[in-house]
Each structure stands twice: as structure tokens, then as C-alpha cells.
file target_12.tsv (TSV, N, CA and C atoms and all ligand atoms)
chain	number	residue	atom	x	y	z
A	1	MET	N	131.24	154.29	194.84
A	1	MET	CA	131.91	154.04	193.56
A	1	MET	C	131.07	153.07	192.72
A	2	ALA	N	130.99	153.33	191.40
A	2	ALA	CA	130.21	152.45	190.52
A	2	ALA	C	130.83	151.06	190.51
A	3	GLU	N	129.96	150.06	190.39
A	3	GLU	CA	130.46	148.68	190.38
A	3	GLU	C	131.19	148.39	189.06
A	4	ASP	N	132.22	147.59	189.15
A	4	ASP	CA	132.97	147.22	187.94
A	4	ASP	C	132.05	146.42	187.00
A	5	PRO	N	131.90	146.86	185.74
A	5	PRO	CA	130.95	146.20	184.83
A	5	PRO	C	131.43	144.83	184.35
A	6	TYR	N	132.72	144.55	184.52
A	6	TYR	CA	133.29	143.34	183.92
A	6	TYR	C	133.53	142.19	184.89
A	7	LEU	N	133.78	142.52	186.15
A	7	LEU	CA	134.31	141.52	187.09
A	7	LEU	C	133.48	140.23	187.14
A	8	GLU	N	132.18	140.36	187.36
A	8	GLU	CA	131.34	139.16	187.50
A	8	GLU	C	131.19	138.42	186.17
A	9	LEU	N	131.05	139.18	185.07
A	9	LEU	CA	130.94	138.55	183.74
A	9	LEU	C	132.21	137.77	183.42
A	10	LEU	N	133.36	138.35	183.78
A	10	LEU	CA	134.64	137.68	183.50
A	10	LEU	C	134.76	136.38	184.30
A	11	LYS	N	134.33	136.43	185.56
A	11	LYS	CA	134.40	135.21	186.39
A	11	LYS	C	133.52	134.12	185.80
A	12	LYS	N	132.31	134.51	185.37
A	12	LYS	CA	131.38	133.53	184.77
A	12	LYS	C	131.96	132.96	183.49
A	13	ALA	N	132.55	133.83	182.67
A	13	ALA	CA	133.14	133.36	181.41
A	13	ALA	C	134.28	132.39	181.69
A	14	MET	N	135.08	132.73	182.68
A	14	MET	CA	136.22	131.87	183.05
A	14	MET	C	135.74	130.49	183.53
A	15	GLU	N	134.62	130.48	184.24
A	15	GLU	CA	134.07	129.21	184.73
A	15	GLU	C	133.62	128.31	183.59
A	16	ARG	N	133.31	128.90	182.44
A	16	ARG	CA	132.84	128.12	181.29
A	16	ARG	C	133.99	127.60	180.44
A	17	ALA	N	135.21	127.95	180.80
A	17	ALA	CA	136.36	127.56	179.96
A	17	ALA	C	136.39	126.05	179.74
A	18	TYR	N	136.79	125.67	178.55
A	18	TYR	CA	137.08	124.26	178.27
A	18	TYR	C	138.59	124.21	178.03
A	19	ALA	N	139.32	123.99	179.11
A	19	ALA	CA	140.79	124.06	179.03
A	19	ALA	C	141.43	122.85	179.72
A	20	PRO	N	141.03	121.62	179.30
A	20	PRO	CA	141.55	120.43	179.99
A	20	PRO	C	143.03	120.19	179.73
A	21	TYR	N	143.59	120.77	178.68
A	21	TYR	CA	144.97	120.47	178.33
A	21	TYR	C	145.95	121.44	178.97
A	22	SER	N	145.60	122.72	178.96
A	22	SER	CA	146.50	123.70	179.59
A	22	SER	C	146.17	123.88	181.06
A	23	GLY	N	144.92	123.61	181.45
A	23	GLY	CA	144.51	123.91	182.82
A	23	GLY	C	144.55	125.41	183.10
A	24	PHE	N	144.41	126.22	182.05
A	24	PHE	CA	144.53	127.68	182.17
A	24	PHE	C	143.24	128.34	181.64
A	25	PRO	N	142.22	128.42	182.50
A	25	PRO	CA	140.97	129.03	182.04
A	25	PRO	C	141.10	130.53	181.87
A	26	VAL	N	140.50	131.05	180.83
A	26	VAL	CA	140.52	132.49	180.55
A	26	VAL	C	139.09	132.93	180.24
A	27	GLY	N	138.74	134.11	180.73
A	27	GLY	CA	137.46	134.73	180.38
A	27	GLY	C	137.72	136.05	179.68
A	28	ALA	N	136.85	136.42	178.76
A	28	ALA	CA	137.00	137.72	178.08
A	28	ALA	C	135.63	138.34	177.87
A	29	VAL	N	135.61	139.66	177.88
A	29	VAL	CA	134.38	140.41	177.57
A	29	VAL	C	134.77	141.54	176.63
A	30	VAL	N	134.08	141.67	175.51
A	30	VAL	CA	134.29	142.84	174.66
A	30	VAL	C	133.09	143.76	174.79
A	31	LYS	N	133.38	145.04	174.78
A	31	LYS	CA	132.32	146.06	174.80
A	31	LYS	C	132.24	146.67	173.41
A	32	SER	N	131.07	146.60	172.80
A	32	SER	CA	130.90	147.17	171.46
A	32	SER	C	130.64	148.66	171.58
A	33	ASN	N	130.63	149.35	170.43
A	33	ASN	CA	130.40	150.79	170.47
A	33	ASN	C	128.96	151.14	170.84
A	34	SER	N	128.06	150.15	170.82
A	34	SER	CA	126.69	150.41	171.30
A	34	SER	C	126.62	150.30	172.83
A	35	GLY	N	127.71	149.83	173.44
A	35	GLY	CA	127.74	149.69	174.89
A	35	GLY	C	127.40	148.29	175.38
A	36	LYS	N	127.02	147.41	174.45
A	36	LYS	CA	126.69	146.03	174.86
A	36	LYS	C	127.96	145.24	175.16
A	37	LEU	N	127.82	144.26	176.05
A	37	LEU	CA	128.96	143.43	176.46
A	37	LEU	C	128.78	142.01	175.95
A	38	TYR	N	129.85	141.44	175.43
A	38	TYR	CA	129.82	140.08	174.88
A	38	TYR	C	130.93	139.25	175.51
A	39	SER	N	130.54	138.10	176.05
A	39	SER	CA	131.50	137.25	176.78
A	39	SER	C	132.03	136.13	175.90
A	40	GLY	N	133.19	135.64	176.28
A	40	GLY	CA	133.75	134.48	175.59
A	40	GLY	C	134.75	133.78	176.50
A	41	THR	N	135.03	132.52	176.16
A	41	THR	CA	136.00	131.77	176.95
A	41	THR	C	136.90	130.95	176.03
A	42	ASN	N	137.98	130.41	176.58
A	42	ASN	CA	138.86	129.61	175.73
A	42	ASN	C	138.32	128.19	175.59
A	43	MET	N	138.54	127.62	174.43
A	43	MET	CA	138.01	126.30	174.11
A	43	MET	C	139.11	125.51	173.43
A	44	GLU	N	139.63	124.53	174.15
A	44	GLU	CA	140.79	123.77	173.63
A	44	GLU	C	140.32	122.52	172.88
A	45	ASN	N	141.30	121.83	172.31
A	45	ASN	CA	140.98	120.65	171.50
A	45	ASN	C	142.13	119.66	171.63
A	46	ALA	N	141.80	118.36	171.55
A	46	ALA	CA	142.82	117.33	171.66
A	46	ALA	C	143.87	117.49	170.56
A	47	ALA	N	143.47	118.01	169.40
A	47	ALA	CA	144.44	118.40	168.37
A	47	ALA	C	144.83	119.84	168.71
A	48	TYR	N	145.85	120.00	169.54
A	48	TYR	CA	146.09	121.25	170.26
A	48	TYR	C	145.95	122.56	169.49
A	49	PRO	N	146.51	122.66	168.27
A	49	PRO	CA	146.42	123.98	167.62
A	49	PRO	C	145.00	124.39	167.25
A	50	GLN	N	144.06	123.45	167.33
A	50	GLN	CA	142.68	123.78	166.95
A	50	GLN	C	141.93	124.54	168.03
A	51	GLY	N	142.51	124.65	169.22
A	51	GLY	CA	141.84	125.40	170.27
A	51	GLY	C	141.89	126.89	169.98
A	52	TRP	N	141.04	127.66	170.70
A	52	TRP	CA	141.13	129.11	170.53
A	52	TRP	C	140.90	129.85	171.83
A	53	CYS	N	141.21	131.14	171.77
A	53	CYS	CA	141.28	131.96	172.98
A	53	CYS	C	139.93	132.57	173.35
A	54	ALA	N	139.86	133.00	174.62
A	54	ALA	CA	138.66	133.64	175.14
A	54	ALA	C	138.29	134.90	174.35
A	55	GLU	N	139.29	135.68	173.99
A	55	GLU	CA	139.03	136.93	173.26
A	55	GLU	C	138.38	136.62	171.91
A	56	THR	N	138.86	135.58	171.26
A	56	THR	CA	138.31	135.20	169.95
A	56	THR	C	136.83	134.82	170.08
A	57	SER	N	136.50	134.07	171.15
A	57	SER	CA	135.10	133.69	171.38
A	57	SER	C	134.24	134.92	171.60
A	58	ALA	N	134.76	135.89	172.36
A	58	ALA	CA	133.98	137.10	172.68
A	58	ALA	C	133.76	137.94	171.41
A	59	ILE	N	134.79	138.05	170.58
A	59	ILE	CA	134.65	138.80	169.32
A	59	ILE	C	133.59	138.10	168.45
A	60	ALA	N	133.64	136.78	168.39
A	60	ALA	CA	132.68	136.03	167.56
A	60	ALA	C	131.25	136.27	168.06
A	61	ALA	N	131.07	136.33	169.37
A	61	ALA	CA	129.73	136.58	169.93
A	61	ALA	C	129.24	137.96	169.50
A	62	MET	N	130.14	138.94	169.52
A	62	MET	CA	129.78	140.31	169.13
A	62	MET	C	129.37	140.36	167.64
A	63	VAL	N	130.19	139.74	166.82
A	63	VAL	CA	129.91	139.76	165.38
A	63	VAL	C	128.60	139.02	165.08
A	64	MET	N	128.39	137.91	165.76
A	64	MET	CA	127.15	137.13	165.56
A	64	MET	C	125.92	137.93	165.96
A	65	ALA	N	126.09	138.85	166.90
A	65	ALA	CA	124.96	139.70	167.34
A	65	ALA	C	124.75	140.88	166.39
A	66	GLY	N	125.59	140.98	165.36
A	66	GLY	CA	125.39	142.03	164.35
A	66	GLY	C	126.20	143.28	164.60
A	67	GLU	N	127.19	143.22	165.51
A	67	GLU	CA	128.01	144.40	165.78
A	67	GLU	C	129.45	144.15	165.30
A	68	GLN	N	130.10	145.23	164.89
A	68	GLN	CA	131.45	145.07	164.32
A	68	GLN	C	132.44	146.10	164.80
A	69	GLN	N	132.12	146.81	165.88
A	69	GLN	CA	133.08	147.78	166.40
A	69	GLN	C	133.18	147.61	167.90
A	70	LEU	N	134.42	147.55	168.39
A	70	LEU	CA	134.58	147.37	169.84
A	70	LEU	C	135.42	148.50	170.42
A	71	VAL	N	135.07	148.88	171.65
A	71	VAL	CA	135.73	150.03	172.29
A	71	VAL	C	136.55	149.62	173.52
A	72	GLU	N	136.32	148.41	173.99
A	72	GLU	CA	137.07	147.96	175.17
A	72	GLU	C	137.05	146.43	175.21
A	73	VAL	N	138.11	145.87	175.76
A	73	VAL	CA	138.12	144.42	175.97
A	73	VAL	C	138.71	144.15	177.34
A	74	ALA	N	138.06	143.24	178.07
A	74	ALA	CA	138.54	142.85	179.39
A	74	ALA	C	138.87	141.36	179.36
A	75	VAL	N	139.97	140.99	180.02
A	75	VAL	CA	140.44	139.60	180.02
A	75	VAL	C	140.75	139.20	181.46
A	76	MET	N	140.38	137.96	181.83
A	76	MET	CA	140.69	137.49	183.19
A	76	MET	C	141.33	136.11	183.16
A	77	ALA	N	142.39	135.97	183.95
A	77	ALA	CA	143.02	134.67	184.17
A	77	ALA	C	143.64	134.69	185.55
A	78	GLU	N	143.98	133.49	186.04
A	78	GLU	CA	144.69	133.39	187.32
A	78	GLU	C	146.16	133.71	187.10
A	79	GLY	N	146.86	133.93	188.18
A	79	GLY	CA	148.32	134.05	188.06
A	79	GLY	C	148.83	135.40	188.51
A	80	GLU	N	150.10	135.41	188.84
A	80	GLU	CA	150.76	136.62	189.34
A	80	GLU	C	150.86	137.68	188.25
A	81	LYS	N	151.24	137.22	187.05
A	81	LYS	CA	151.44	138.18	185.95
A	81	LYS	C	150.11	138.42	185.25
A	82	PRO	N	149.77	139.69	184.98
A	82	PRO	CA	148.55	139.96	184.20
A	82	PRO	C	148.62	139.25	182.85
A	83	CYS	N	147.49	138.66	182.42
A	83	CYS	CA	147.45	137.86	181.18
A	83	CYS	C	146.98	138.74	180.01
A	84	PRO	N	147.91	139.25	179.22
A	84	PRO	CA	147.50	140.10	178.09
A	84	PRO	C	147.04	139.23	176.92
A	85	PRO	N	146.26	139.77	175.99
A	85	PRO	CA	145.88	138.99	174.82
A	85	PRO	C	147.11	138.51	174.06
A	86	CYS	N	147.05	137.29	173.54
A	86	CYS	CA	148.17	136.76	172.74
A	86	CYS	C	148.29	137.55	171.44
A	87	GLY	N	149.34	137.33	170.71
A	87	GLY	CA	149.58	138.08	169.48
A	87	GLY	C	148.44	137.94	168.47
A	88	GLY	N	147.96	136.69	168.30
A	88	GLY	CA	146.88	136.46	167.34
A	88	GLY	C	145.61	137.20	167.74
A	89	CYS	N	145.32	137.22	169.04
A	89	CYS	CA	144.11	137.92	169.51
A	89	CYS	C	144.27	139.43	169.37
A	90	ARG	N	145.48	139.94	169.56
A	90	ARG	CA	145.69	141.39	169.35
A	90	ARG	C	145.30	141.75	167.92
A	91	GLN	N	145.71	140.91	166.99
A	91	GLN	CA	145.39	141.17	165.58
A	91	GLN	C	143.88	141.07	165.34
A	92	LYS	N	143.25	140.07	165.95
A	92	LYS	CA	141.79	139.91	165.76
A	92	LYS	C	141.03	141.06	166.39
A	93	LEU	N	141.51	141.53	167.55
A	93	LEU	CA	140.87	142.69	168.20
A	93	LEU	C	141.03	143.93	167.33
A	94	TRP	N	142.24	144.09	166.76
A	94	TRP	CA	142.54	145.26	165.93
A	94	TRP	C	141.54	145.40	164.78
A	95	GLU	N	141.15	144.27	164.24
A	95	GLU	CA	140.24	144.25	163.08
A	95	GLU	C	138.94	145.01	163.38
A	96	PHE	N	138.48	144.95	164.64
A	96	PHE	CA	137.17	145.52	165.00
A	96	PHE	C	137.30	146.71	165.95
A	97	ALA	N	138.55	147.06	166.31
A	97	ALA	CA	138.75	148.09	167.33
A	97	ALA	C	138.59	149.50	166.76
A	98	LEU	N	138.18	150.41	167.62
A	98	LEU	CA	138.15	151.84	167.27
A	98	LEU	C	139.39	152.48	167.87
A	99	PRO	N	139.80	153.67	167.35
A	99	PRO	CA	140.95	154.34	167.97
A	99	PRO	C	140.68	154.55	169.45
A	100	GLY	N	141.68	154.27	170.27
A	100	GLY	CA	141.53	154.45	171.72
A	100	GLY	C	141.00	153.23	172.44
A	101	THR	N	140.80	152.12	171.71
A	101	THR	CA	140.32	150.89	172.37
A	101	THR	C	141.28	150.44	173.47
A	102	ARG	N	140.72	150.14	174.62
A	102	ARG	CA	141.53	149.74	175.78
A	102	ARG	C	141.44	148.26	176.06
A	103	VAL	N	142.52	147.73	176.58
A	103	VAL	CA	142.59	146.33	177.01
A	103	VAL	C	142.76	146.34	178.53
A	104	LEU	N	141.79	145.78	179.23
A	104	LEU	CA	141.84	145.72	180.70
A	104	LEU	C	142.12	144.28	181.11
A	105	VAL	N	143.08	144.10	181.98
A	105	VAL	CA	143.44	142.74	182.38
A	105	VAL	C	143.16	142.54	183.86
A	106	TYR	N	142.45	141.45	184.16
A	106	TYR	CA	142.00	141.17	185.52
A	106	TYR	C	142.55	139.84	186.02
A	107	SER	N	142.65	139.74	187.32
A	107	SER	CA	142.68	138.45	188.00
A	107	SER	C	141.32	138.34	188.68
A	108	PRO	N	140.96	137.18	189.25
A	108	PRO	CA	139.66	137.10	189.94
A	108	PRO	C	139.55	138.11	191.08
A	109	GLN	N	140.66	138.63	191.56
A	109	GLN	CA	140.62	139.63	192.65
A	109	GLN	C	140.32	141.03	192.13
A	110	GLY	N	140.53	141.28	190.86
A	110	GLY	CA	140.23	142.62	190.34
A	110	GLY	C	141.16	143.03	189.22
A	111	LEU	N	141.05	144.31	188.86
A	111	LEU	CA	141.81	144.87	187.74
A	111	LEU	C	143.31	144.89	188.06
A	112	LYS	N	144.12	144.44	187.10
A	112	LYS	CA	145.57	144.41	187.32
A	112	LYS	C	146.33	145.34	186.40
A	113	ALA	N	145.82	145.54	185.18
A	113	ALA	CA	146.55	146.38	184.22
A	113	ALA	C	145.59	146.90	183.16
A	114	SER	N	145.97	147.99	182.54
A	114	SER	CA	145.15	148.59	181.48
A	114	SER	C	146.09	149.18	180.43
A	115	TRP	N	145.88	148.80	179.18
A	115	TRP	CA	146.73	149.29	178.10
A	115	TRP	C	145.85	149.74	176.93
A	116	LEU	N	146.39	150.64	176.10
A	116	LEU	CA	145.75	150.92	174.82
A	116	LEU	C	146.12	149.79	173.86
A	117	LEU	N	145.15	149.32	173.09
A	117	LEU	CA	145.45	148.25	172.13
A	117	LEU	C	146.56	148.69	171.17
A	118	GLU	N	146.54	149.96	170.78
A	118	GLU	CA	147.57	150.43	169.82
A	118	GLU	C	148.97	150.35	170.41
A	119	ASN	N	149.09	150.33	171.73
A	119	ASN	CA	150.41	150.16	172.35
A	119	ASN	C	150.80	148.68	172.46
A	120	LEU	N	149.81	147.80	172.39
A	120	LEU	CA	150.11	146.35	172.41
A	120	LEU	C	150.39	145.83	171.01
A	121	LEU	N	149.97	146.61	170.00
A	121	LEU	CA	150.17	146.18	168.61
A	121	LEU	C	150.63	147.37	167.78
A	122	PRO	N	151.85	147.86	168.04
A	122	PRO	CA	152.32	149.03	167.28
A	122	PRO	C	152.55	148.69	165.81
A	123	HIS	N	152.39	149.68	164.95
A	123	HIS	CA	152.58	149.51	163.50
A	123	HIS	C	151.72	148.35	162.98
A	124	ALA	N	150.47	148.32	163.45
A	124	ALA	CA	149.60	147.18	163.12
A	124	ALA	C	149.29	147.10	161.64
A	125	PHE	N	149.18	145.88	161.19
A	125	PHE	CA	148.68	145.61	159.83
A	125	PHE	C	147.16	145.61	159.89
A	126	GLY	N	146.52	146.29	158.93
A	126	GLY	CA	145.06	146.34	158.93
A	126	GLY	C	144.50	146.40	157.51
A	127	GLY	N	143.21	146.52	157.45
A	127	GLY	CA	142.51	146.52	156.16
A	127	GLY	C	143.01	147.58	155.20
A	128	ASP	N	143.47	148.71	155.74
A	128	ASP	CA	143.95	149.80	154.87
A	128	ASP	C	145.14	149.36	154.01
A	129	HIS	N	145.93	148.43	154.51
A	129	HIS	CA	147.09	147.96	153.74
A	129	HIS	C	146.68	147.21	152.48
A	130	LEU	N	145.47	146.75	152.43
A	130	LEU	CA	145.03	145.95	151.30
A	130	LEU	C	144.40	146.80	150.20
A	131	LYS	N	144.32	148.13	150.48
A	131	LYS	CA	143.67	149.01	149.48
A	131	LYS	C	144.64	149.39	148.38
A	201	LIG	N1	144.50	132.02	176.16
A	201	LIG	C1	143.43	132.86	176.03
A	201	LIG	O1	142.28	132.41	176.01
A	201	LIG	N2	143.66	134.19	175.93
A	201	LIG	C2	144.90	134.76	176.03
A	201	LIG	O2	144.99	135.97	175.90
A	201	LIG	C3	146.09	133.94	176.27
A	201	LIG	C4	145.88	132.47	176.17
A	201	LIG	C5	144.24	130.59	176.29
A	201	LIG	C6	144.62	129.73	175.12
A	201	LIG	C7	144.81	128.37	175.78
A	201	LIG	O3	143.55	127.74	175.87
A	201	LIG	C8	145.30	128.70	177.18
A	201	LIG	O4	144.99	130.08	177.39
A	201	LIG	C9	146.78	128.49	177.39
A	201	LIG	O5	147.51	129.15	176.42

call {"tool": "encode", "arguments": {"input": "target_12.tsv", "output": "C-alpha cells"}}
result
Amino acid sequence: MAEDPYLELLKKAMERAYAPYSGFPVGAVVKSNSGKLYSGTNMENAAYPQGWCAETSAIAAMVMAGEQQLVEVAVMAEGEKPCPPCGGCRQKLWEFALPGTRVLVYSPQGLKASWLLENLLPHAFGGDHLK
């Protein structure tokens, strides 16, 4: 069986988390439509609302590399319940997602859940609404 492309990258991203306030490290990897993978982690702040999520960091890395379309996103956190992207990250992912974009959720032990982004954000608001 082919090796999981995300597992090790997610663990490394999670290790880089700066999450001293929540104690909840998260790693994320987005796959662009060129097939490249971009990692990100959560970065908190003493002024709590200023922190941001792992998915947001990964999207920023992709955009900074000159890419603007993503086909898959993988997220890893500890815990019994799979950690889905928060509402704000669903919206940020939607901005760059292609139809059929999948969200894969991992624990350090492996894949726990897989959803279509469109099912996590039904009736999404997007750029078309501004036309
Ligand atoms: N967090 C993420 O990085 N991604 C998610 O999808 C859910 C939450 C982070 C934000 C904060 O640093 C910590 O997890 C606790 O909410």
C-alpha cells in the first residue's frame, strides 16, 4: 500500500505549534492543484483573539508560493474526537477550494475522518455573491 502522504508532514507541523495558552497543538497540510503540499501550524498570542489556526498558516504558505487553488486539506490534533476545521477556517479554505475538495482529519495514529468541504460549509458565501 502507498504510504500516506500527509502523516509525517502533519506530525512535524504539529510539533511546530505555538500553543502555550490552549495546550492544543494542531498541524495542517494543504495540497494545491499542482500537487504540492504546504504545511502550517497554529500560532497563539497573549492577546488571545490574535492567534490563528493551523489551516490558515498552511493556506498562507500556499498563497505565498504563488498558488491559489487547493484540492485537499489534512488536519491533525490529539484527542478522541476528530478535529475538523473551525468555522473561520472552513470559510478561508472555501476561498481557494476547487469543487470536490476534501478535508481529511488525523490523529497522530492515523486518518480518522474524511469529508467534502462543501458538506462542512453548505450554502457557502463566496466571491460569486459579490458580483
Ligand atoms: N485550531 C486550529 O489550529 N485548527 C482548528 O481547526 C481548530 C482549532 C487551534 C486554534 C487554537 O490555537 C487551538 O487550536 C485551540 O482552539

call {"tool": "residues_near_ligand", "arguments": {"input": "target_12.tsv", "ligand": "ligand LIG 201 (chain A)", "cutoff": "7 Å", "atoms": "only N, CA and C atoms and all ligand atoms", "output": "JSON list (two decimals) with N, CA and C atoms, in the coordinates of the input"}}
result
[["chain", "number", "residue", "atom", "x", "y", "z"],
["A", 18, "TYR", "N", 136.79, 125.67, 178.55],
["A", 18, "TYR", "CA", 137.08, 124.26, 178.27],
["A", 18, "TYR", "C", 138.59, 124.21, 178.03],
["A", 19, "ALA", "N", 139.32, 123.99, 179.11],
["A", 19, "ALA", "CA", 140.79, 124.06, 179.03],
["A", 19, "ALA", "C", 141.43, 122.85, 179.72],
["A", 22, "SER", "N", 145.60, 122.72, 178.96],
["A", 22, "SER", "CA", 146.50, 123.70, 179.59],
["A", 22, "SER", "C", 146.17, 123.88, 181.06],
["A", 23, "GLY", "N", 144.92, 123.61, 181.45],
["A", 23, "GLY", "CA", 144.51, 123.91, 182.82],
["A", 23, "GLY", "C", 144.55, 125.41, 183.10],
["A", 24, "PHE", "N", 144.41, 126.22, 182.05],
["A", 24, "PHE", "CA", 144.53, 127.68, 182.17],
["A", 24, "PHE", "C", 143.24, 128.34, 181.64],
["A", 25, "PRO", "N", 142.22, 128.42, 182.50],
["A", 25, "PRO", "CA", 140.97, 129.03, 182.04],
["A", 25, "PRO", "C", 141.10, 130.53, 181.87],
["A", 26, "VAL", "N", 140.50, 131.05, 180.83],
["A", 26, "VAL", "CA", 140.52, 132.49, 180.55],
["A", 26, "VAL", "C", 139.09, 132.93, 180.24],
["A", 27, "GLY", "N", 138.74, 134.11, 180.73],
["A", 27, "GLY", "CA", 137.46, 134.73, 180.38],
["A", 27, "GLY", "C", 137.72, 136.05, 179.68],
["A", 41, "THR", "N", 135.03, 132.52, 176.16],
["A", 41, "THR", "CA", 136.00, 131.77, 176.95],
["A", 41, "THR", "C", 136.90, 130.95, 176.03],
["A", 42, "ASN", "N", 137.98, 130.41, 176.58],
["A", 42, "ASN", "CA", 138.86, 129.61, 175.73],
["A", 42, "ASN", "C", 138.32, 128.19, 175.59],
["A", 43, "MET", "N", 138.54, 127.62, 174.43],
["A", 43, "MET", "CA", 138.01, 126.30, 174.11],
["A", 43, "MET", "C", 139.11, 125.51, 173.43],
["A", 44, "GLU", "N", 139.63, 124.53, 174.15],
["A", 44, "GLU", "CA", 140.79, 123.77, 173.63],
["A", 44, "GLU", "C", 140.32, 122.52, 172.88],
["A", 51, "GLY", "N", 142.51, 124.65, 169.22],
["A", 51, "GLY", "CA", 141.84, 125.40, 170.27],
["A", 51, "GLY", "C", 141.89, 126.89, 169.98],
["A", 52, "TRP", "N", 141.04, 127.66, 170.70],
["A", 52, "TRP", "CA", 141.13, 129.11, 170.53],
["A", 52, "TRP", "C", 140.90, 129.85, 171.83],
["A", 53, "CYS", "N", 141.21, 131.14, 171.77],
["A", 53, "CYS", "CA", 141.28, 131.96, 172.98],
["A", 53, "CYS", "C", 139.93, 132.57, 173.35],
["A", 54, "ALA", "N", 139.86, 133.00, 174.62],
["A", 54, "ALA", "CA", 138.66, 133.64, 175.14],
["A", 54, "ALA", "C", 138.29, 134.90, 174.35],
["A", 55, "GLU", "N", 139.29, 135.68, 173.99],
["A", 55, "GLU", "CA", 139.03, 136.93, 173.26],
["A", 55, "GLU", "C", 138.38, 136.62, 171.91],
["A", 56, "THR", "N", 138.86, 135.58, 171.26],
["A", 56, "THR", "CA", 138.31, 135.20, 169.95],
["A", 56, "THR", "C", 136.83, 134.82, 170.08],
["A", 83, "CYS", "N", 147.49, 138.66, 182.42],
["A", 83, "CYS", "CA", 147.45, 137.86, 181.18],
["A", 83, "CYS", "C", 146.98, 138.74, 180.01],
["A", 84, "PRO", "N", 147.91, 139.25, 179.22],
["A", 84, "PRO", "CA", 147.50, 140.10, 178.09],
["A", 84, "PRO", "C", 147.04, 139.23, 176.92],
["A", 85, "PRO", "N", 146.26, 139.77, 175.99],
["A", 85, "PRO", "CA", 145.88, 138.99, 174.82],
["A", 85, "PRO", "C", 147.11, 138.51, 174.06],
["A", 86, "CYS", "N", 147.05, 137.29, 173.54],
["A", 86, "CYS", "CA", 148.17, 136.76, 172.74],
["A", 86, "CYS", "C", 148.29, 137.55, 171.44],
["A", 87, "GLY", "N", 149.34, 137.33, 170.71],
["A", 87, "GLY", "CA", 149.58, 138.08, 169.48],
["A", 87, "GLY", "C", 148.44, 137.94, 168.47],
["A", 89, "CYS", "N", 145.32, 137.22, 169.04],
["A", 89, "CYS", "CA", 144.11, 137.92, 169.51],
["A", 89, "CYS", "C", 144.27, 139.43, 169.37]]

call {"tool": "atom_distance", "arguments": {"input": "target_12.tsv", "atom1": "atom CA of Ile59 of chain A", "atom2": "atom CA of Glu95 of chain A"}}
result
10.0 Å

call {"tool": "closest_residue", "arguments": {"input": "target_12.tsv", "among": "A:Ala28, A:Leu117, A:Met62, A:Ala46", "to": "Trp94 of chain A", "atoms": "only N, CA and C atoms"}}
result
A:Leu117

call {"tool": "atom_distance", "arguments": {"input": "target_12.tsv", "atom1": "atom CA of Ala113 of chain A", "atom2": "atom CA of Phe125 of chain A"}}
result
24.5 Å

call {"tool": "closest_residue", "arguments": {"input": "target_12.tsv", "among": "A:Met64, A:Lys112, A:Leu70, A:Arg102", "to": "Pro82 of chain A", "atoms": "all atoms listed in the file"}}
result
A:Lys112

call {"tool": "atom_distance", "arguments": {"input": "target_12.tsv", "atom1": "atom N of Tyr6 of chain A", "atom2": "atom C of Leu121 of chain A"}}
result
24.7 Å

call {"tool": "select_by_dssp", "arguments": {"input": "target_12.tsv", "residues": "chain A", "states": "strand (DSSP E)", "output": "MDAnalysis selection string"}}
result
chainID A and resid 27:32 37:41 70:76 97:107 110:116

call {"tool": "closest_residue", "arguments": {"input": "target_12.tsv", "among": "A:Tyr21, A:Asp128, A:Glu78, A:Lys92", "to": "Ser107 of chain A", "atoms": "only C-alpha atoms"}}
result
A:Glu78

call {"tool": "closest_residue", "arguments": {"input": "target_12.tsv", "among": "A:Asn33, A:His129, A:Asn45, A:Gly100", "to": "Trp115 of chain A", "atoms": "only N, CA and C atoms"}}
result
A:Gly100

call {"tool": "select_by_dssp", "arguments": {"input": "target_12.tsv", "residues": "chain A", "states": "helix (DSSP H, G or I)", "output": "PyMOL selection string"}}
result
chain A and resi 7-15+48-50+54-64+87-96+117-120+127-130

call {"tool": "closest_residue", "arguments": {"input": "target_12.tsv", "among": "A:Arg90, A:Lys11, A:Lys31, A:Lys36", "to": "Glu72 of chain A", "atoms": "only C-alpha atoms"}}
result
A:Lys31

call {"tool": "closest_residue", "arguments": {"input": "target_12.tsv", "among": "A:Met76, A:Val71, A:Val30, A:Val105", "to": "Met14 of chain A", "atoms": "all atoms listed in the file"}}
result
A:Met76

call {"tool": "residues_near_point", "arguments": {"input": "target_12.tsv", "point": "(131.7, 139.2, 171.3)", "cutoff": "6.5 Å", "atoms": "all atoms listed in the file", "output": "PDB file with N, CA and C atoms, in the coordinates of the input"}}
result
ATOM      1  N   VAL A  30     134.080 141.670 175.510  1.00  0.00           N
ATOM      2  CA  VAL A  30     134.290 142.840 174.660  1.00  0.00           C
ATOM      3  C   VAL A  30     133.090 143.760 174.790  1.00  0.00           C
ATOM      4  N   LEU A  37     127.820 144.260 176.050  1.00  0.00           N
ATOM      5  CA  LEU A  37     128.960 143.430 176.460  1.00  0.00           C
ATOM      6  C   LEU A  37     128.780 142.010 175.950  1.00  0.00           C
ATOM      7  N   TYR A  38     129.850 141.440 175.430  1.00  0.00           N
ATOM      8  CA  TYR A  38     129.820 140.080 174.880  1.00  0.00           C
ATOM      9  C   TYR A  38     130.930 139.250 175.510  1.00  0.00           C
ATOM     10  N   SER A  39     130.540 138.100 176.050  1.00  0.00           N
ATOM     11  CA  SER A  39     131.500 137.250 176.780  1.00  0.00           C
ATOM     12  C   SER A  39     132.030 136.130 175.900  1.00  0.00           C
ATOM     13  N   GLY A  40     133.190 135.640 176.280  1.00  0.00           N
ATOM     14  CA  GLY A  40     133.750 134.480 175.590  1.00  0.00           C
ATOM     15  C   GLY A  40     134.750 133.780 176.500  1.00  0.00           C
ATOM     16  N   SER A  57     136.500 134.070 171.150  1.00  0.00           N
ATOM     17  CA  SER A  57     135.100 133.690 171.380  1.00  0.00           C
ATOM     18  C   SER A  57     134.240 134.920 171.600  1.00  0.00           C
ATOM     19  N   ALA A  58     134.760 135.890 172.360  1.00  0.00           N
ATOM     20  CA  ALA A  58     133.980 137.100 172.680  1.00  0.00           C
ATOM     21  C   ALA A  58     133.760 137.940 171.410  1.00  0.00           C
ATOM     22  N   ILE A  59     134.790 138.050 170.580  1.00  0.00           N
ATOM     23  CA  ILE A  59     134.650 138.800 169.320  1.00  0.00           C
ATOM     24  C   ILE A  59     133.590 138.100 168.450  1.00  0.00           C
ATOM     25  N   ALA A  60     133.640 136.780 168.390  1.00  0.00           N
ATOM     26  CA  ALA A  60     132.680 136.030 167.560  1.00  0.00           C
ATOM     27  C   ALA A  60     131.250 136.270 168.060  1.00  0.00           C
ATOM     28  N   ALA A  61     131.070 136.330 169.370  1.00  0.00           N
ATOM     29  CA  ALA A  61     129.730 136.580 169.930  1.00  0.00           C
ATOM     30  C   ALA A  61     129.240 137.960 169.500  1.00  0.00           C
ATOM     31  N   MET A  62     130.140 138.940 169.520  1.00  0.00           N
ATOM     32  CA  MET A  62     129.780 140.310 169.130  1.00  0.00           C
ATOM     33  C   MET A  62     129.370 140.360 167.640  1.00  0.00           C
ATOM     34  N   VAL A  63     130.190 139.740 166.820  1.00  0.00           N
ATOM     35  CA  VAL A  63     129.910 139.760 165.380  1.00  0.00           C
ATOM     36  C   VAL A  63     128.600 139.020 165.080  1.00  0.00           C
TER      37      VAL A  63
END
